[in-house]
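Have a look at coords-v9.cif below; it lists mmCIF, C-alpha atoms.
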```cif
data_start
#
loop_
_atom_site.group_PDB
_atom_site.id
_atom_site.type_symbol
_atom_site.label_atom_id
_atom_site.label_comp_id
_atom_site.auth_asym_id
_atom_site.auth_seq_id
_atom_site.Cartn_x
_atom_site.Cartn_y
_atom_site.Cartn_z
ATOM 1 C CA MET A 29 14.616 31.660 24.472
ATOM 2 C CA ASP A 30 14.284 35.425 23.766
ATOM 3 C CA THR A 31 14.437 37.260 20.419
ATOM 4 C CA GLU A 32 18.167 37.983 20.684
ATOM 5 C CA ASP A 33 18.873 34.245 20.957
ATOM 6 C CA ARG A 34 16.578 33.283 18.087
ATOM 7 C CA GLN A 35 18.214 35.322 15.334
ATOM 8 C CA PRO A 36 21.630 33.594 15.471
ATOM 9 C CA LEU A 37 19.860 30.209 15.571
ATOM 10 C CA ILE A 38 17.887 31.062 12.430
ATOM 11 C CA LEU A 39 21.015 32.232 10.647
ATOM 12 C CA GLU A 40 22.827 29.092 11.734
ATOM 13 C CA ALA A 41 19.987 26.927 10.462
ATOM 14 C CA ALA A 42 20.174 28.601 7.070
ATOM 15 C CA GLY A 43 23.885 27.948 6.792
ATOM 16 C CA ASP A 44 24.194 24.513 8.421
ATOM 17 C CA VAL A 45 22.096 21.851 6.700
ATOM 18 C CA PRO A 46 22.883 18.290 7.903
ATOM 19 C CA GLY A 47 23.551 16.049 4.944
ATOM 20 C CA ASP A 48 21.878 12.965 6.394
ATOM 21 C CA LEU A 49 18.631 14.830 7.107
ATOM 22 C CA VAL A 50 18.640 16.321 3.620
ATOM 23 C CA ALA A 51 19.097 12.796 2.259
ATOM 24 C CA ILE A 52 16.121 11.553 4.322
ATOM 25 C CA ALA A 53 13.912 14.349 2.982
ATOM 26 C CA ALA A 54 15.145 13.691 -0.570
ATOM 27 C CA VAL A 55 14.418 9.953 -0.345
ATOM 28 C CA THR A 56 10.935 10.743 0.962
ATOM 29 C CA ALA A 57 10.292 13.067 -1.983
ATOM 30 C CA ILE A 58 11.643 10.494 -4.460
ATOM 31 C CA THR A 59 9.384 7.840 -2.932
ATOM 32 C CA LEU A 60 6.358 10.067 -3.521
ATOM 33 C CA ALA A 61 7.479 10.586 -7.115
ATOM 34 C CA CYS A 62 7.957 6.851 -7.629
ATOM 35 C CA VAL A 63 4.371 6.243 -6.493
ATOM 36 C CA TYR A 64 2.552 9.035 -8.342
ATOM 37 C CA VAL A 65 4.636 9.884 -11.430
ATOM 38 C CA PRO A 66 3.369 7.683 -14.306
ATOM 39 C CA VAL A 67 6.770 6.648 -15.678
ATOM 40 C CA LEU A 68 8.441 5.998 -12.332
ATOM 41 C CA ASN A 69 5.568 4.085 -10.723
ATOM 42 C CA GLU A 70 5.993 1.275 -13.244
ATOM 43 C CA SER A 71 9.737 0.838 -12.676
ATOM 44 C CA PHE A 72 11.718 -1.076 -10.055
ATOM 45 C CA LEU A 73 12.471 2.263 -8.358
ATOM 46 C CA ARG A 74 8.986 2.209 -6.818
ATOM 47 C CA ILE A 75 9.783 -1.071 -5.065
ATOM 48 C CA LEU A 76 13.302 0.007 -4.114
ATOM 49 C CA PHE A 77 12.338 3.321 -2.531
ATOM 50 C CA GLY A 78 9.088 1.890 -1.160
ATOM 51 C CA VAL A 79 10.986 -0.764 0.802
ATOM 52 C CA ALA A 80 13.376 1.887 2.147
ATOM 53 C CA MET A 81 10.436 4.113 3.111
ATOM 54 C CA VAL A 82 8.834 1.315 5.100
ATOM 55 C CA LEU A 83 11.853 -0.396 6.657
ATOM 56 C CA PHE A 84 14.433 2.357 7.296
ATOM 57 C CA ILE A 85 13.552 6.014 6.645
ATOM 58 C CA PRO A 86 10.943 6.673 9.399
ATOM 59 C CA GLY A 87 13.076 4.909 11.999
ATOM 60 C CA TYR A 88 16.190 6.885 11.057
ATOM 61 C CA ALA A 89 14.290 10.182 11.291
ATOM 62 C CA LEU A 90 12.965 9.205 14.731
ATOM 63 C CA ILE A 91 16.424 8.161 15.950
ATOM 64 C CA ALA A 92 17.859 11.433 14.667
ATOM 65 C CA ALA A 93 15.227 13.356 16.641
ATOM 66 C CA LEU A 94 15.757 11.338 19.834
ATOM 67 C CA PHE A 95 19.575 11.320 19.745
ATOM 68 C CA PRO A 96 20.901 14.508 18.151
ATOM 69 C CA ALA A 97 24.353 14.415 19.772
ATOM 70 C CA ARG A 98 27.434 12.774 18.312
ATOM 71 C CA GLY A 99 28.112 10.689 21.401
ATOM 72 C CA ASP A 100 24.568 9.406 21.949
ATOM 73 C CA LEU A 101 24.893 6.379 19.644
ATOM 74 C CA ASP A 102 27.501 5.051 17.270
ATOM 75 C CA GLY A 103 26.829 4.435 13.587
ATOM 76 C CA ILE A 104 26.010 0.730 13.836
ATOM 77 C CA GLU A 105 23.552 1.325 16.679
ATOM 78 C CA ARG A 106 21.827 4.070 14.706
ATOM 79 C CA VAL A 107 21.419 1.845 11.640
ATOM 80 C CA ALA A 108 20.155 -1.127 13.667
ATOM 81 C CA LEU A 109 17.688 0.991 15.656
ATOM 82 C CA SER A 110 16.518 2.682 12.455
ATOM 83 C CA PHE A 111 15.425 -0.672 11.072
ATOM 84 C CA GLY A 112 13.888 -1.743 14.381
ATOM 85 C CA LEU A 113 11.937 1.459 14.990
ATOM 86 C CA SER A 114 10.698 1.577 11.393
ATOM 87 C CA ILE A 115 9.304 -1.923 11.778
ATOM 88 C CA ALA A 116 7.600 -0.755 14.985
ATOM 89 C CA VAL A 117 6.368 2.671 13.838
ATOM 90 C CA VAL A 118 4.859 1.748 10.465
ATOM 91 C CA PRO A 119 2.397 -0.864 11.856
ATOM 92 C CA LEU A 120 1.395 1.571 14.616
ATOM 93 C CA ILE A 121 0.601 4.218 12.010
ATOM 94 C CA GLY A 122 -1.426 1.650 10.078
ATOM 95 C CA LEU A 123 -3.282 0.659 13.256
ATOM 96 C CA ALA A 124 -4.136 4.293 13.961
ATOM 97 C CA LEU A 125 -5.362 4.787 10.372
ATOM 98 C CA ASN A 126 -7.651 1.781 10.743
ATOM 99 C CA TYR A 127 -9.733 3.791 13.221
ATOM 100 C CA THR A 128 -10.022 6.833 10.951
ATOM 101 C CA PRO A 129 -12.394 7.454 8.014
ATOM 102 C CA TRP A 130 -9.460 7.067 5.576
ATOM 103 C CA GLY A 131 -8.654 3.457 6.501
ATOM 104 C CA ILE A 132 -5.536 1.463 5.624
ATOM 105 C CA ARG A 133 -5.034 2.512 2.011
ATOM 106 C CA LEU A 134 -2.067 3.595 -0.072
ATOM 107 C CA ASP A 135 -2.698 7.348 -0.038
ATOM 108 C CA PRO A 136 -3.369 7.712 3.719
ATOM 109 C CA ILE A 137 -0.441 5.451 4.637
ATOM 110 C CA LEU A 138 1.979 7.270 2.355
ATOM 111 C CA ALA A 139 0.772 10.672 3.548
ATOM 112 C CA SER A 140 1.102 9.629 7.193
ATOM 113 C CA LEU A 141 4.610 8.213 6.726
ATOM 114 C CA THR A 142 5.664 11.352 4.848
ATOM 115 C CA LEU A 143 4.324 13.708 7.518
ATOM 116 C CA PHE A 144 5.855 11.624 10.309
ATOM 117 C CA THR A 145 9.263 11.462 8.596
ATOM 118 C CA LEU A 146 9.399 15.162 7.740
ATOM 119 C CA ALA A 147 8.226 16.136 11.235
ATOM 120 C CA MET A 148 10.917 13.992 12.895
ATOM 121 C CA THR A 149 13.497 15.363 10.452
ATOM 122 C CA ALA A 150 12.565 18.945 11.397
ATOM 123 C CA VAL A 151 12.730 18.090 15.115
ATOM 124 C CA ALA A 152 16.141 16.444 14.635
ATOM 125 C CA TRP A 153 17.448 19.482 12.783
ATOM 126 C CA TYR A 154 16.205 21.840 15.493
ATOM 127 C CA ARG A 155 17.641 19.754 18.348
ATOM 128 C CA ARG A 156 21.030 19.570 16.645
ATOM 129 C CA LEU A 157 21.075 23.352 16.287
ATOM 130 C CA LEU A 158 20.612 23.678 20.048
ATOM 131 C CA LEU A 159 23.871 21.786 20.598
ATOM 132 C CA PRO A 160 27.392 23.161 20.176
ATOM 133 C CA ALA A 161 28.682 22.566 16.657
ATOM 134 C CA GLY A 162 31.271 20.053 17.815
ATOM 135 C CA ASP A 163 28.699 17.924 19.663
ATOM 136 C CA ARG A 164 26.200 17.534 16.816
ATOM 137 C CA PHE A 165 25.872 14.206 15.086
ATOM 138 C CA VAL A 166 27.069 14.226 11.495
ATOM 139 C CA VAL A 167 27.604 11.419 9.042
ATOM 140 C CA PRO A 168 31.348 11.470 8.249
ATOM 141 C CA ALA A 169 30.804 10.611 4.587
ATOM 142 C CA ARG A 170 34.192 11.859 3.368
ATOM 143 C CA ALA A 171 36.085 10.067 6.110
ATOM 144 C CA MET A 172 34.173 6.872 5.408
ATOM 145 C CA LEU A 173 34.915 7.076 1.683
ATOM 146 C CA ALA A 174 38.594 7.812 2.341
ATOM 147 C CA ALA A 175 38.828 4.860 4.726
ATOM 148 C CA ALA A 176 37.120 2.574 2.229
ATOM 149 C CA ARG A 177 39.439 3.747 -0.561
ATOM 150 C CA LEU A 178 42.472 3.127 1.611
ATOM 151 C CA GLU A 179 41.135 -0.289 2.620
ATOM 152 C CA PHE A 180 40.528 -1.482 -0.929
ATOM 153 C CA PHE A 181 43.307 0.365 -2.755
ATOM 154 C CA ASP A 182 46.152 0.635 -0.249
ATOM 155 C CA PRO A 183 49.346 1.266 -2.259
ATOM 156 C CA GLY A 184 51.460 -0.241 0.515
ATOM 157 C CA ALA A 185 49.562 -3.553 0.582
ATOM 158 C CA SER A 186 50.913 -6.722 -0.980
ATOM 159 C CA ARG A 187 49.622 -8.084 -4.282
ATOM 160 C CA LEU A 188 47.702 -10.811 -2.448
ATOM 161 C CA ASP A 189 46.007 -8.301 -0.145
ATOM 162 C CA ARG A 190 45.055 -6.106 -3.097
ATOM 163 C CA GLY A 191 43.650 -9.121 -4.911
ATOM 164 C CA LEU A 192 41.590 -10.155 -1.894
ATOM 165 C CA SER A 193 40.334 -6.606 -1.485
ATOM 166 C CA ALA A 194 39.318 -6.493 -5.139
ATOM 167 C CA LEU A 195 37.532 -9.837 -4.758
ATOM 168 C CA LEU A 196 35.697 -8.532 -1.695
ATOM 169 C CA LEU A 197 34.652 -5.396 -3.574
ATOM 170 C CA VAL A 198 33.341 -7.453 -6.507
ATOM 171 C CA SER A 199 31.436 -9.691 -4.079
ATOM 172 C CA ILE A 200 29.791 -6.687 -2.422
ATOM 173 C CA VAL A 201 28.764 -5.224 -5.787
ATOM 174 C CA ALA A 202 27.416 -8.610 -6.920
ATOM 175 C CA ALA A 203 25.424 -9.009 -3.691
ATOM 176 C CA LEU A 204 23.914 -5.535 -4.073
ATOM 177 C CA ALA A 205 23.082 -6.213 -7.728
ATOM 178 C CA THR A 206 21.456 -9.528 -6.832
ATOM 179 C CA THR A 207 19.403 -7.903 -4.085
ATOM 180 C CA ALA A 208 18.269 -5.151 -6.443
ATOM 181 C CA TYR A 209 17.289 -7.756 -9.050
ATOM 182 C CA VAL A 210 15.291 -9.800 -6.550
ATOM 183 C CA ILE A 211 13.451 -6.653 -5.424
ATOM 184 C CA ALA A 212 12.867 -5.388 -8.970
ATOM 185 C CA VAL A 213 11.839 -8.751 -10.443
ATOM 186 C CA PRO A 214 9.976 -10.590 -7.673
ATOM 187 C CA LYS A 215 8.898 -14.182 -8.171
ATOM 188 C CA GLU A 216 5.282 -14.520 -9.191
ATOM 189 C CA GLY A 217 3.040 -15.773 -6.442
ATOM 190 C CA GLU A 218 -0.472 -17.137 -6.570
ATOM 191 C CA HIS A 219 -2.768 -15.651 -9.218
ATOM 192 C CA PHE A 220 -6.117 -14.575 -7.767
ATOM 193 C CA THR A 221 -8.766 -11.855 -7.812
ATOM 194 C CA GLU A 222 -10.496 -10.249 -4.838
ATOM 195 C CA PHE A 223 -14.225 -9.626 -5.194
ATOM 196 C CA TYR A 224 -16.155 -8.114 -2.300
ATOM 197 C CA ILE A 225 -18.971 -5.770 -1.341
ATOM 198 C CA LEU A 226 -18.997 -3.154 1.411
ATOM 199 C CA GLY A 227 -21.711 -1.122 3.013
ATOM 200 C CA PRO A 228 -22.235 2.512 1.938
ATOM 201 C CA GLY A 229 -19.798 3.634 4.644
ATOM 202 C CA GLY A 230 -16.949 1.558 3.206
ATOM 203 C CA LYS A 231 -17.101 -1.038 5.990
ATOM 204 C CA ALA A 232 -18.020 -4.711 5.940
ATOM 205 C CA ALA A 233 -21.231 -3.832 7.769
ATOM 206 C CA ASP A 234 -24.517 -1.930 7.438
ATOM 207 C CA TYR A 235 -25.477 -3.619 4.168
ATOM 208 C CA PRO A 236 -28.872 -2.553 2.723
ATOM 209 C CA THR A 237 -30.942 -5.684 3.377
ATOM 210 C CA ASP A 238 -34.377 -4.322 4.305
ATOM 211 C CA PHE A 239 -35.966 -1.650 2.106
ATOM 212 C CA PRO A 240 -39.135 -0.833 0.098
ATOM 213 C CA ALA A 241 -39.518 -1.960 -3.503
ATOM 214 C CA GLY A 242 -38.207 0.640 -5.950
ATOM 215 C CA ALA A 243 -36.243 2.518 -3.279
ATOM 216 C CA THR A 244 -32.682 3.414 -4.226
ATOM 217 C CA ARG A 245 -29.978 1.953 -2.035
ATOM 218 C CA SER A 246 -26.178 2.002 -2.332
ATOM 219 C CA LEU A 247 -23.139 -0.089 -1.524
ATOM 220 C CA ILE A 248 -19.556 -0.479 -2.748
ATOM 221 C CA ILE A 249 -18.295 -3.200 -5.095
ATOM 222 C CA GLY A 250 -14.581 -3.951 -4.814
ATOM 223 C CA VAL A 251 -12.335 -5.758 -7.312
ATOM 224 C CA GLY A 252 -8.669 -6.452 -6.491
ATOM 225 C CA ASN A 253 -6.433 -7.723 -9.288
ATOM 226 C CA HIS A 254 -3.525 -10.032 -8.398
ATOM 227 C CA GLU A 255 -3.356 -11.857 -11.733
ATOM 228 C CA TYR A 256 -0.027 -10.298 -12.880
ATOM 229 C CA ARG A 257 -1.700 -8.629 -15.862
ATOM 230 C CA GLU A 258 -4.271 -5.902 -16.498
ATOM 231 C CA ILE A 259 -7.779 -7.367 -16.777
ATOM 232 C CA PRO A 260 -11.065 -5.819 -18.001
ATOM 233 C CA TYR A 261 -13.510 -7.367 -15.536
ATOM 234 C CA THR A 262 -17.245 -7.501 -16.184
ATOM 235 C CA VAL A 263 -19.507 -7.097 -13.152
ATOM 236 C CA GLU A 264 -23.158 -8.115 -13.278
ATOM 237 C CA ALA A 265 -25.867 -7.785 -10.620
ATOM 238 C CA PHE A 266 -29.145 -9.700 -10.600
ATOM 239 C CA ALA A 267 -32.237 -9.737 -8.429
ATOM 240 C CA LEU A 268 -33.285 -13.315 -7.723
ATOM 241 C CA ASN A 269 -36.276 -15.076 -6.275
ATOM 242 C CA GLN A 270 -34.665 -18.118 -4.731
ATOM 243 C CA THR A 271 -35.919 -20.707 -2.276
ATOM 244 C CA PHE A 272 -34.127 -23.436 -0.389
ATOM 245 C CA ASP A 273 -35.571 -26.893 0.211
ATOM 246 C CA THR A 274 -34.264 -28.267 3.491
ATOM 247 C CA THR A 275 -35.567 -31.746 2.638
ATOM 248 C CA THR A 276 -33.480 -32.164 -0.508
ATOM 249 C CA ASN A 277 -30.836 -29.602 0.549
ATOM 250 C CA THR A 278 -31.162 -27.829 -2.804
ATOM 251 C CA SER A 279 -31.968 -24.275 -3.884
ATOM 252 C CA THR A 280 -34.223 -23.260 -6.759
ATOM 253 C CA ILE A 281 -34.193 -19.980 -8.692
ATOM 254 C CA HIS A 282 -37.749 -19.010 -9.705
ATOM 255 C CA ALA A 283 -37.131 -15.569 -11.215
ATOM 256 C CA VAL A 284 -34.152 -13.512 -12.399
ATOM 257 C CA GLU A 285 -33.896 -9.830 -13.321
ATOM 258 C CA ARG A 286 -30.663 -8.045 -14.229
ATOM 259 C CA LEU A 287 -30.080 -4.881 -12.230
ATOM 260 C CA ASP A 288 -26.823 -3.677 -13.744
ATOM 261 C CA ARG A 289 -23.807 -4.616 -15.836
ATOM 262 C CA PHE A 290 -20.539 -2.699 -16.235
ATOM 263 C CA VAL A 291 -16.877 -3.204 -17.107
ATOM 264 C CA VAL A 292 -14.015 -2.137 -14.834
ATOM 265 C CA THR A 293 -10.387 -2.413 -15.974
ATOM 266 C CA VAL A 294 -8.002 -3.047 -13.078
ATOM 267 C CA PRO A 295 -4.180 -3.077 -13.442
ATOM 268 C CA HIS A 296 -2.164 -5.742 -11.664
ATOM 269 C CA ASN A 297 -1.803 -5.358 -7.904
ATOM 270 C CA GLU A 298 -4.392 -2.591 -7.719
ATOM 271 C CA THR A 299 -7.929 -2.458 -6.340
ATOM 272 C CA GLU A 300 -10.937 -0.576 -7.634
ATOM 273 C CA GLU A 301 -13.887 0.213 -5.367
ATOM 274 C CA ILE A 302 -16.976 1.300 -7.288
ATOM 275 C CA PRO A 303 -19.886 3.068 -5.536
ATOM 276 C CA TRP A 304 -23.038 1.347 -6.805
ATOM 277 C CA GLU A 305 -26.681 2.343 -6.521
ATOM 278 C CA PHE A 306 -29.545 -0.044 -7.152
ATOM 279 C CA ALA A 307 -33.261 -0.514 -6.755
ATOM 280 C CA VAL A 308 -35.150 -3.810 -6.559
ATOM 281 C CA PRO A 309 -38.421 -3.379 -8.494
ATOM 282 C CA SER A 310 -40.549 -6.070 -6.833
ATOM 283 C CA THR A 311 -41.215 -7.662 -3.476
ATOM 284 C CA ALA A 312 -40.912 -11.050 -5.157
ATOM 285 C CA TYR A 313 -37.117 -10.903 -5.041
ATOM 286 C CA ASN A 314 -35.210 -11.956 -1.955
ATOM 287 C CA ARG A 315 -31.590 -12.140 -3.067
ATOM 288 C CA ILE A 316 -29.098 -9.968 -4.961
ATOM 289 C CA GLU A 317 -26.432 -11.903 -6.865
ATOM 290 C CA PHE A 318 -23.124 -10.292 -7.888
ATOM 291 C CA LEU A 319 -21.141 -12.005 -10.653
ATOM 292 C CA LEU A 320 -17.580 -11.231 -11.764
ATOM 293 C CA PHE A 321 -16.222 -12.334 -15.137
ATOM 294 C CA ASN A 322 -12.669 -11.906 -16.434
ATOM 295 C CA GLU A 323 -12.073 -11.935 -20.193
ATOM 296 C CA THR A 324 -14.679 -14.654 -20.797
ATOM 297 C CA VAL A 325 -18.333 -13.595 -20.518
ATOM 298 C CA PRO A 326 -21.045 -16.127 -21.423
ATOM 299 C CA GLY A 327 -23.817 -15.320 -23.874
ATOM 300 C CA GLU A 328 -27.238 -13.979 -22.927
ATOM 301 C CA ASP A 329 -28.778 -17.406 -23.426
ATOM 302 C CA ILE A 330 -27.045 -18.652 -20.266
ATOM 303 C CA MET A 331 -28.941 -17.443 -17.200
ATOM 304 C CA GLY A 332 -29.848 -18.486 -13.690
ATOM 305 C CA GLN A 333 -27.692 -21.016 -11.889
ATOM 306 C CA ASP A 334 -25.754 -21.819 -15.077
ATOM 307 C CA ARG A 335 -24.602 -18.196 -15.335
ATOM 308 C CA ILE A 336 -23.589 -18.166 -11.664
ATOM 309 C CA ASN A 337 -21.566 -21.341 -12.217
ATOM 310 C CA ALA A 338 -19.876 -19.771 -15.277
ATOM 311 C CA SER A 339 -18.727 -16.680 -13.352
ATOM 312 C CA TYR A 340 -15.145 -16.211 -12.159
ATOM 313 C CA ARG A 341 -16.273 -15.010 -8.722
ATOM 314 C CA ASP A 342 -19.739 -14.579 -7.226
ATOM 315 C CA LEU A 343 -21.261 -12.957 -4.152
ATOM 316 C CA HIS A 344 -24.796 -12.667 -2.858
ATOM 317 C CA LEU A 345 -26.814 -10.573 -0.446
ATOM 318 C CA TRP A 346 -30.089 -11.779 1.071
ATOM 319 C CA VAL A 347 -32.646 -8.980 1.206
ATOM 320 C CA ARG A 348 -36.196 -8.330 2.379
ATOM 321 C CA VAL A 349 -38.076 -6.147 -0.082
ATOM 322 C CA ARG A 350 -41.178 -4.546 1.447
ATOM 323 C CA PRO A 351 -44.098 -3.036 -0.467
ATOM 324 C CA ALA A 352 -43.509 0.552 -1.524
#
```
Will you turn the file into structure tokens for me?
Amino acid sequence: MDTEDRQPLILEAAGDVPGDLVAIAAVTAITLACVYVPVLNESFLRILFGVAMVLFIPGYALIAALFPARGDLDGIERVALSFGLSIAVVPLIGLALNYTPWGIRLDPILASLTLFTLAMTAVAWYRRLLLPAGDRFVVPARAMLAAARLEFFDPGASRLDRGLSALLLVSIVAALATTAYVIAVPKEGEHFTEFYILGPGGKAADYPTDFPAGATRSLIIGVGNHEYREIPYTVEAFALNQTFDTTTNTSTIHAVERLDRFVVTVPHNETEEIPWEFAVPSTAYNRIEFLLFNETVPGEDIMGQDRINASYRDLHLWVRVRPA
């Protein structure tokens, strides 16, 4: 396409903005706001737009890019394929992110879905502009509203037909309201807390298990709250000298030294990952014990195995501490 052909296309693009593509871009922007704006991210709008962003929006943008012409697909096919392709595309994006340094987390997933949706929307807009105006796909919103108004409020219909139409309309509104309520106020599931440790690279591998005494090493402590309330967790780390007797099948703790203690407050349905540095002072220790407490933390007089038993969650890491 030469320069003389580009100028009319640019002018046409500035004056012909497809309503459905504008709506897709607007829903994407609102979804971002519902995740990151403090007031909106605590309302049911976050769930409502989040579900749409996962189950419909990316698929619709892809369908719009693949089939820009009016006669390619009818409305029902577009809606059905939008759901189907969204269900296919979103897991593929998550799979691709799993092999990147960002991993499968909220920010990378949302950024990837946003970029994918906006890119497909731009491609759809461009491909529609390449078609004659009469062949481009448009959502006939006014015609659909006029048809719906005539269907439900036809002045020539009998009283019985008008009553049935009104009943159908009330049923549709009630179904939508019920669906919105179920999404906004989900039933509480199991209450639990995730407690885990990762290597310094953020993977469940490469843990520091062999190092000199006094040398500083690092890992990541993760706490995921699914208790349906905000909880100030207390995390404690101890260096232990522990042996295991295979004859009696029992373990004995000979020495304990606290390495660290801190409090991390985690809102419901969120996860905090805390980079943590430590140093084991003596070669006598062979195990690092991580304890997680919720609101109840035992006194300092409770130590050793009794303190481990009193914790809400516990983890351990066997180590070999060499002379410095």
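The neighbours of Ser339 (chain A) here are the residues that come within 8 Å of it, using all atoms listed in the file and leaving out any residue fewer than 6 positions away in the same chain; they are Leu319, Leu320, Phe321 and Val325 of chain A.
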Taking the file as I've supplied it (selection: the PyMOL selection byres ((chain A and resi 89) around 12)), which residues are included? Please answer as an mmCIF file with C-alpha atoms, in the frame of the given file.
```
data_model
loop_
_atom_site.group_PDB
_atom_site.id
_atom_site.type_symbol
_atom_site.label_atom_id
_atom_site.label_comp_id
_atom_site.auth_asym_id
_atom_site.auth_seq_id
_atom_site.Cartn_x
_atom_site.Cartn_y
_atom_site.Cartn_z
ATOM 1 C CA ASP A 48 21.878 12.965 6.394
ATOM 2 C CA LEU A 49 18.631 14.830 7.107
ATOM 3 C CA VAL A 50 18.640 16.321 3.620
ATOM 4 C CA ALA A 51 19.097 12.796 2.259
ATOM 5 C CA ILE A 52 16.121 11.553 4.322
ATOM 6 C CA ALA A 53 13.912 14.349 2.982
ATOM 7 C CA VAL A 55 14.418 9.953 -0.345
ATOM 8 C CA THR A 56 10.935 10.743 0.962
ATOM 9 C CA MET A 81 10.436 4.113 3.111
ATOM 10 C CA LEU A 83 11.853 -0.396 6.657
ATOM 11 C CA PHE A 84 14.433 2.357 7.296
ATOM 12 C CA ILE A 85 13.552 6.014 6.645
ATOM 13 C CA PRO A 86 10.943 6.673 9.399
ATOM 14 C CA GLY A 87 13.076 4.909 11.999
ATOM 15 C CA TYR A 88 16.190 6.885 11.057
ATOM 16 C CA LEU A 90 12.965 9.205 14.731
ATOM 17 C CA ILE A 91 16.424 8.161 15.950
ATOM 18 C CA ALA A 92 17.859 11.433 14.667
ATOM 19 C CA ALA A 93 15.227 13.356 16.641
ATOM 20 C CA LEU A 94 15.757 11.338 19.834
ATOM 21 C CA PHE A 95 19.575 11.320 19.745
ATOM 22 C CA PRO A 96 20.901 14.508 18.151
ATOM 23 C CA ARG A 106 21.827 4.070 14.706
ATOM 24 C CA VAL A 107 21.419 1.845 11.640
ATOM 25 C CA LEU A 109 17.688 0.991 15.656
ATOM 26 C CA SER A 110 16.518 2.682 12.455
ATOM 27 C CA PHE A 111 15.425 -0.672 11.072
ATOM 28 C CA LEU A 113 11.937 1.459 14.990
ATOM 29 C CA SER A 114 10.698 1.577 11.393
ATOM 30 C CA VAL A 117 6.368 2.671 13.838
ATOM 31 C CA LEU A 141 4.610 8.213 6.726
ATOM 32 C CA THR A 142 5.664 11.352 4.848
ATOM 33 C CA LEU A 143 4.324 13.708 7.518
ATOM 34 C CA PHE A 144 5.855 11.624 10.309
ATOM 35 C CA THR A 145 9.263 11.462 8.596
ATOM 36 C CA LEU A 146 9.399 15.162 7.740
ATOM 37 C CA ALA A 147 8.226 16.136 11.235
ATOM 38 C CA MET A 148 10.917 13.992 12.895
ATOM 39 C CA THR A 149 13.497 15.363 10.452
ATOM 40 C CA ALA A 150 12.565 18.945 11.397
ATOM 41 C CA VAL A 151 12.730 18.090 15.115
ATOM 42 C CA ALA A 152 16.141 16.444 14.635
ATOM 43 C CA TRP A 153 17.448 19.482 12.783
#
```
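Each of A:Pro46, A:Thr271, A:Ile137, A:Val63 was compared to Arg164 (chain A) using all atoms listed in the file, and A:Pro46 turns out to be the nearest.
Here CA of Leu196 (chain A) is placed at a distance of 12.9 Å from CA of Arg177 (chain A).
The space between CA of Ala232 (chain A) and CA of Glu258 (chain A) spans 26.3 Å.
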Å distance separating CA of Phe318 (chain A) from CA of Tyr256 (chain A), one decimal place: 23.6 Å
For Gly252 (chain A), the nearest of the candidates A:Ala265, A:Ala312, A:Val284, A:Ile302, counting all atoms listed in the file: A:Ile302
Output check: residues returned by the PyMOL selection byres ((chain A and resi 121) around 10), as a list in words: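 This file, filtered by the PyMOL selection byres ((chain A and resi 121) around 10), leaves Ala116, Val117, Val118, Pro119, Leu120, Gly122, Leu123, Ala124, Leu125, Asn126, Ile132, Pro136, Ile137, Ser140, Leu141 and Phe144 of chain A.
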Residues matched by the PyMOL selection byres ((chain A and resi 269) around 6) as a ChimeraX atom specification: /A:268,270,281-283,313-314
Could you save the residues just selected, with C-alpha atoms, as a short mmCIF file (atom, residue, chain, number, x, y, z; two decimals), in the coordinates of the input?
```
data_model
loop_
_atom_site.label_atom_id
_atom_site.label_comp_id
_atom_site.auth_asym_id
_atom_site.auth_seq_id
_atom_site.Cartn_x
_atom_site.Cartn_y
_atom_site.Cartn_z
CA LEU A 268 -33.28 -13.32 -7.72
CA GLN A 270 -34.66 -18.12 -4.73
CA ILE A 281 -34.19 -19.98 -8.69
CA HIS A 282 -37.75 -19.01 -9.70
CA ALA A 283 -37.13 -15.57 -11.22
CA TYR A 313 -37.12 -10.90 -5.04
CA ASN A 314 -35.21 -11.96 -1.96
#
```
Nearest to Tyr340 (chain A), chosen from A:Phe239, A:Phe165, A:Tyr154, A:Tyr261, with all atoms listed in the file counted in the distances: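 Looking at the shortest contact to Tyr340 (chain A), the residue is A:Tyr261.
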Counting all atoms listed in the file, the option among A:Arg187, A:Val308, A:Phe290, A:Thr59 closest to Pro240 (chain A):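 Closest to Pro240 (chain A), using all atoms listed in the file: A:Val308.
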Nearest candidate to Asp163 (chain A) (options A:Glu264, A:Glu301, A:Glu70, A:Asp100; using only C-alpha atoms): A:Asp100
Residues within 10 Å of (-10.5, -6.8, -18.1), counting only C-alpha atoms, listed as a PyMOL selection string: chain A and resi 253+257-262+291-295+321-324
Among listed residues A:Leu60, A:Val198, A:Val82, A:Ile225, nearest Ser246 (chain A) (using only C-alpha atoms):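 Checking each candidate against Ser246 (chain A), we get A:Ile225 as the closest.
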Sel. within 7 Å of pt (-25.2, -8.7, -3.3), counting all atoms listed in the file, output as a ChimeraX atom specification: /A:316-318,343-345
Centre and size of axis-aligned box enclosing region 302-321 of chain A plus 3 Å each side, as lines of an AutoDock Vina configuration file:
```
center_x = -28.7
center_y = -4.6
center_z = -8.5
size_x = 31.0
size_y = 21.4
size_z = 19.2
```
Ala352 (chain A) environment, 7 Å, all atoms listed in the file, sequence neighbours closer than 2 positions dropped, as number ranges by chain: A: 240-242, 350
